[in-house]
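What follows is one structure encoded as structure tokens, with my remarks underneath.
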Amino acid sequence: MNEKALRILEYNKIIDMLEKRAISEIGKKMVRELMPSTNVHEVRERLEETREAFEVVLRWGSLPFDTTHDISDIIKRAKMGFTLQPVELLRVNSVLKCARRLKEFMNDGNKEEICPIIYEVVDSLVVVKGLENEIETKIISETEISDRASEKLYSIRRSIRDKNSKIKEKLQSMLQSYSKYLQDPIITLRGDRYVLPVKAEFKGSVPGLVHDQSSSGSTLFIEPMAVVELNNEIKELMLKEKQEIERILLELSTKVANNADYLEHNNLNIGYLDFVVAKGKFGLDLNASIPGINTKGVINLRQARHPLIDKEVVVPTDIRLGDAYRALIITGPNTGGKTVTLKTTGLLTLMAMTGLAIPVSSGSEVSIFNKVFADIGDEQSIEQSLSTFSSHMTNIVSIINEVDEKSLVLVDELGAGTDPTEGAALAMSILEYIFEKGAKIVATTHYSELKVFAMEKEGFENASVEFDVETLRPTYRLLIGIPGKSNAFEISKRLGLGSDIIENAKKKISQDAAKFEDVIQALQNKTMLLEKEIEEAERAKRESVEIKKELSEKKYKLDSQREKLVQKAQEEARRIVQQAKYEADQIIKELIELKKRSEDAACLKQAEEARRKLNQKVDDIYKNTKKEETIDVEEQLDDVNVGDEVFVTTVSQRGIVLSKPDSKGDVQVQIGIMKLNVPLSKLKREESKKKEVKKTGVTNIIKQKAQNIETQIDLRGQTVDEALYNLDKYLDDAYIAGLNSVRIIHGKGTGALREGIKQALKKHHHVKSTRMGDLSEGGSGVTVVELK
């Protein structure tokens, strides 16, 4: 990637901002080494990592990181046979502990479906529980080893404590005996040996070894002969303690070396996870989104914001390039936002190629370029005796020598700094040359000749930055398709320049130029008016979509309630039939029993009674099965009154009449919260309730499909061939059932199933359009299909 373009577009500042979100040494190092990639597969994988990081940060805030240190050098020292110090062992332990906690965290719940890439990395971490527990129990702090690190160490330290107690007891008794010879009645240490502070003039009165004296020479620190042997024993024990500690540390260091491969793997991958989460935090802080990626040179940035401008004041703008045109020429007044547009285009492209979310609205798209060139700003050099024009031309020459069809070229004020006529001609020639090379171009200029050039040249398009003459302030909005107007006369007039001077100046410009500026002004006015109308239309569209959604939800609830009622009625009918069947069986048994008995009058009477009960039960069953009723809407209405309850045939719903028929014959009817104007001919009155006639043929099939079809299908775990077969059958059923849209769940995984389904949906005759699911619908693991 072109280093100069990275510097001009301030890519390093993005890296600095991202580095602040990483907490580990390895994570920060990965951020510093991060560069844009020209491999589309790598870029998509990086962006998918960032998308998963969004999920992690939004759902859980972060991952449970317990370490920030890079233990690579510690592992190397252990492998070379060095003895690690307690502080180093504690850092090793922090990596082991972090790996264990990450695995425990990711195995809790369905996190594999939410973030499969991150889950896979965490799943690869190795838990070395034995080594973790051993370090945990043996190392107390960076300077202290636990007494229980070994039995021998415990025994040595207990002996040291016993010897110290004995010495203190002896010396305590000597404090009273030698009190008159002591400078102070205290016990002190010199060189790890217990001594008494004796006045120099009484040196011979306290037999023992002199270890030190005060700076004034008035005090000698004498070790009494009575404790010399005990001090010697403590010294020996302290040497043994040191040896045992060395042995314990060496033993732990050897175990670290034996697990070096696992530790290196954990160390690197924990740093990588920190790096990925940092990308998520950075994107969310910018209120960014994941763009689509292509290799066709198409850039479509919706509501793009420059990430280095305060998000509270930055004005979003739409930037398009590479589809209908390959070169965009931006004109307009100074401080209007032309340069910011250039930098936003270049910087967001670099960020996306790096795998970072970019501050744009959803639906934005960025292309992968092999090279990004930028000539922005004044880089004149006094040392090299280069003027502004010379400096720009030096940059342009280097761009021309390297540009190709996979390049993005950003040029600010092309041809400026020299004679306007020659500069404009040179600018047109340079743009034409770069365009013929196949590169995508965004350039800014003040030259009117370039506005005409962009209007006449195929593949070029004009754009301008909007300027409010009334307030003398730019709006920073980019208007594509309209060349910019300088507004010099209007601005000068608003600032107080005399009208006679302005009128004289107008006479000095050619009539063609003046007319051209007037045309531009008219276009801008029409565009602003059109944009307002589009905005109103969009608002009306959004409102209609909301109403449609609300009605769909209400219809779904009504359908659900109806299905539940039907199901309940069917269950009740089955219960009644079963009960009746049981009672009928009992009656038949009684009849058979009666037949076997004598045929006297009493028996005949019982038989007749049993037959009567059976007939009665059959009549009851018939009546119960008549309870399922539907609305008879066969009576056509000639007139209605306010308050009448009617059946609206156009929407198959009951409603209340709110008005008499108007001159057109329309009646206002309220259905739930909705008020509709309906022709009188579409209204009918309910007369009675009759059993719904069972539908047959195609109608029955459609009804069954509508009742049984789900609004989504889960194809995860299937082969591509199995999934495509089941998908085709499901789409046929969904289409027959009249569904508007369905969700295809294919998961993320390797992407093979998702790609196969994507290709099949493009060709399917029932499919109107497809889109990837948003975060609430399952993200890239779900495709939402709109049916015809």
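In the structure tokens, chains take letters A, B, ... by order of appearance, with residues numbered from 1 within each chain and ligands from 1 in the order shown.
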- Task: For region 217-234 of chain A, work out the shell of residues within 9 Å, counting only C-alpha atoms and skipping chain neighbours fewer than 2 positions away, then give it as an NGL selection string.
- Result: :A and (159-161 or 163-164 or 166-167 or 170-171 or 174 or 182-183 or 188-190 or 192-201 or 203 or 206-215 or 236-239)
- Excluding Ile293 (chain A) and residues on its chain fewer than 3 positions from it, collect all residues at most 7 Å away from it, counting only C-alpha atoms, and give them as a list in words. Glu365, Val366 and Ser367 of chain A
Would you write out those residues with N, CA, C and O atoms, as an mmCIF file, in the first residue's frame?
data_model
loop_
_atom_site.group_PDB
_atom_site.id
_atom_site.type_symbol
_atom_site.label_atom_id
_atom_site.label_comp_id
_atom_site.auth_asym_id
_atom_site.auth_seq_id
_atom_site.Cartn_x
_atom_site.Cartn_y
_atom_site.Cartn_z
ATOM 1 N N GLU A 365 -21.150 0.131 0.745
ATOM 2 C CA GLU A 365 -20.295 -0.838 0.052
ATOM 3 C C GLU A 365 -18.959 -0.192 -0.275
ATOM 4 O O GLU A 365 -18.885 0.990 -0.603
ATOM 5 N N VAL A 366 -17.889 -0.986 -0.176
ATOM 6 C CA VAL A 366 -16.534 -0.498 -0.456
ATOM 7 C C VAL A 366 -15.840 -1.514 -1.345
ATOM 8 O O VAL A 366 -16.025 -2.726 -1.185
ATOM 9 N N SER A 367 -15.024 -1.016 -2.257
ATOM 10 C CA SER A 367 -14.262 -1.908 -3.140
ATOM 11 C C SER A 367 -12.855 -2.125 -2.607
ATOM 12 O O SER A 367 -12.316 -1.292 -1.864
#
- Message: I'd like the neighbourhood of region 711-717 of chain A as a PyMOL selection string, where a residue qualifies if any of its atoms comes within 12 Å (using only C-alpha atoms), though same-chain residues fewer than 3 positions away should be ignored.
- Response: chain A and resi 113+556+705-708+720-731+733-735+737-754+756-757+777-778+781-787
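Using only C-alpha atoms, the smallest distance between any of A:Leu347, A:Val640, A:Val127, A:Ile430 and Lys13 (chain A) comes from A:Leu347.
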- For Lys406 (chain A), please output as a ChimeraX atom specification all residues within 7 Å (counting only C-alpha atoms; exclusion window: fewer than 4 positions along the same chain). /A:369-371,439
Taking N, CA, C and O atoms for each residue, export the selection above as a tab-separated table (two decimals), in the first residue's frame.
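Dumped to selection-v6.tsv:
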chain	number	residue	atom	x	y	z
A	369	PHE	N	-9.06	-2.16	-3.48
A	369	PHE	CA	-8.13	-1.62	-4.47
A	369	PHE	C	-6.72	-2.12	-4.17
A	369	PHE	O	-6.34	-2.23	-2.99
A	370	ASN	N	-5.96	-2.41	-5.23
A	370	ASN	CA	-4.57	-2.81	-5.03
A	370	ASN	C	-3.70	-1.62	-4.61
A	370	ASN	O	-2.72	-1.78	-3.88
A	371	LYS	N	-4.09	-0.44	-5.08
A	371	LYS	CA	-3.33	0.77	-4.76
A	371	LYS	C	-4.29	1.93	-4.51
A	371	LYS	O	-5.29	2.08	-5.21
A	439	ALA	N	-8.43	3.47	-13.77
A	439	ALA	CA	-8.51	3.77	-12.33
A	439	ALA	C	-9.82	4.50	-12.00
A	439	ALA	O	-10.47	5.08	-12.87
Closest contacts (region 437-473 of chain A/region 392-402 of chain A, max 12 Å, only C-alpha atoms) as JSON lines:
{"residue": "A:Lys437", "atom": "CA", "partner": "A:Ile400", "partner_atom": "CA", "distance": 9.1}
{"residue": "A:Gly438", "atom": "CA", "partner": "A:Ile400", "partner_atom": "CA", "distance": 11.8}
{"residue": "A:Ala439", "atom": "CA", "partner": "A:Ile400", "partner_atom": "CA", "distance": 10.4}
{"residue": "A:Ile441", "atom": "CA", "partner": "A:Ile399", "partner_atom": "CA", "distance": 11.8}
With C-alpha atoms retained, write the just-selected residues as an mmCIF file, in the first residue's frame.
data_model
loop_
_atom_site.group_PDB
_atom_site.id
_atom_site.type_symbol
_atom_site.label_atom_id
_atom_site.label_comp_id
_atom_site.auth_asym_id
_atom_site.auth_seq_id
_atom_site.Cartn_x
_atom_site.Cartn_y
_atom_site.Cartn_z
ATOM 1 C CA LYS A 437 -5.756 3.470 -17.352
ATOM 2 C CA GLY A 438 -8.968 2.172 -15.752
ATOM 3 C CA ALA A 439 -8.515 3.767 -12.335
ATOM 4 C CA ILE A 441 -10.884 8.981 -9.643
#
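Coordinates place CA of Thr38 (chain A) at a distance of 24.0 Å from CA of Tyr433 (chain A).
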- Query: as a count of residues only, which residues of region 84-146 of chain A does DSSP assign to strand (DSSP E or B)?
  - Reply: 5
- Atomic separation - CA of Glu413 (chain A) relative to CA of His306 (chain A), Å: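 Distance between the two atoms: 19.9 Å.
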- Item | Shell of 10 Å around region 416-421 of chain A, only C-alpha atoms, local chain residues under 2 positions omitted, as a PyMOL selection string | chain A and resi 387-393+412-414+423-427+445-447+449
- Message: I'd like the contact shell of Gln668 (chain A) - 8 Å cut-off, only C-alpha atoms, skipping same-chain residues fewer than 5 positions apart - returned as a list in words.
- Response: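 Using only C-alpha atoms, the neighbours found are Val657, Leu658, Ser659, Lys660, Pro661, Lys675, Leu676, Asn677 and Val678 of chain A.
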- Message: So that I can check the secondary structure, give me every residue of region 235-366 of chain A assigned alpha helix (DSSP H) by backbone DSSP, as a ChimeraX atom specification.
- Response: /A:235-258,260-285,338-354
- Query: Do you know which residues are at most 7 Å from region 284-290 of chain A counting only C-alpha atoms, after dropping those on the same chain fewer than 6 positions away, and could you put them as a PyMOL selection string?
  - Reply: chain A and resi 47+51+307+357-362
Take the residues that were just selected and, keeping N, CA and C atoms, output them as a PDB file, in the first residue's frame.
ATOM      1  N   LEU A  47     -13.505  -8.513   8.464  1.00  0.00           N
ATOM      2  CA  LEU A  47     -14.749  -7.813   8.762  1.00  0.00           C
ATOM      3  C   LEU A  47     -15.719  -8.713   9.527  1.00  0.00           C
ATOM      4  N   ARG A  51     -17.494  -8.013  13.013  1.00  0.00           N
ATOM      5  CA  ARG A  51     -18.933  -8.165  13.232  1.00  0.00           C
ATOM      6  C   ARG A  51     -19.197  -8.997  14.494  1.00  0.00           C
ATOM      7  N   PRO A 307     -14.017   9.803  10.399  1.00  0.00           N
ATOM      8  CA  PRO A 307     -13.848   9.303  11.768  1.00  0.00           C
ATOM      9  C   PRO A 307     -13.004  10.184  12.672  1.00  0.00           C
ATOM     10  N   ALA A 357     -14.749  -1.682  11.030  1.00  0.00           N
ATOM     11  CA  ALA A 357     -16.055  -1.093  10.742  1.00  0.00           C
ATOM     12  C   ALA A 357     -15.847   0.383  10.410  1.00  0.00           C
ATOM     13  N   ILE A 358     -16.701   0.929   9.570  1.00  0.00           N
ATOM     14  CA  ILE A 358     -16.545   2.321   9.148  1.00  0.00           C
ATOM     15  C   ILE A 358     -17.803   3.111   9.493  1.00  0.00           C
ATOM     16  N   PRO A 359     -17.656   4.423   9.787  1.00  0.00           N
ATOM     17  CA  PRO A 359     -18.816   5.241  10.190  1.00  0.00           C
ATOM     18  C   PRO A 359     -19.717   5.581   9.016  1.00  0.00           C
ATOM     19  N   VAL A 360     -20.557   4.634   8.629  1.00  0.00           N
ATOM     20  CA  VAL A 360     -21.529   4.806   7.550  1.00  0.00           C
ATOM     21  C   VAL A 360     -22.820   4.121   7.970  1.00  0.00           C
ATOM     22  N   SER A 361     -23.896   4.364   7.224  1.00  0.00           N
ATOM     23  CA  SER A 361     -25.152   3.669   7.474  1.00  0.00           C
ATOM     24  C   SER A 361     -25.094   2.283   6.849  1.00  0.00           C
ATOM     25  N   SER A 362     -25.986   1.400   7.306  1.00  0.00           N
ATOM     26  CA  SER A 362     -26.017   0.043   6.764  1.00  0.00           C
ATOM     27  C   SER A 362     -26.382   0.085   5.285  1.00  0.00           C
TER      28      SER A 362
END
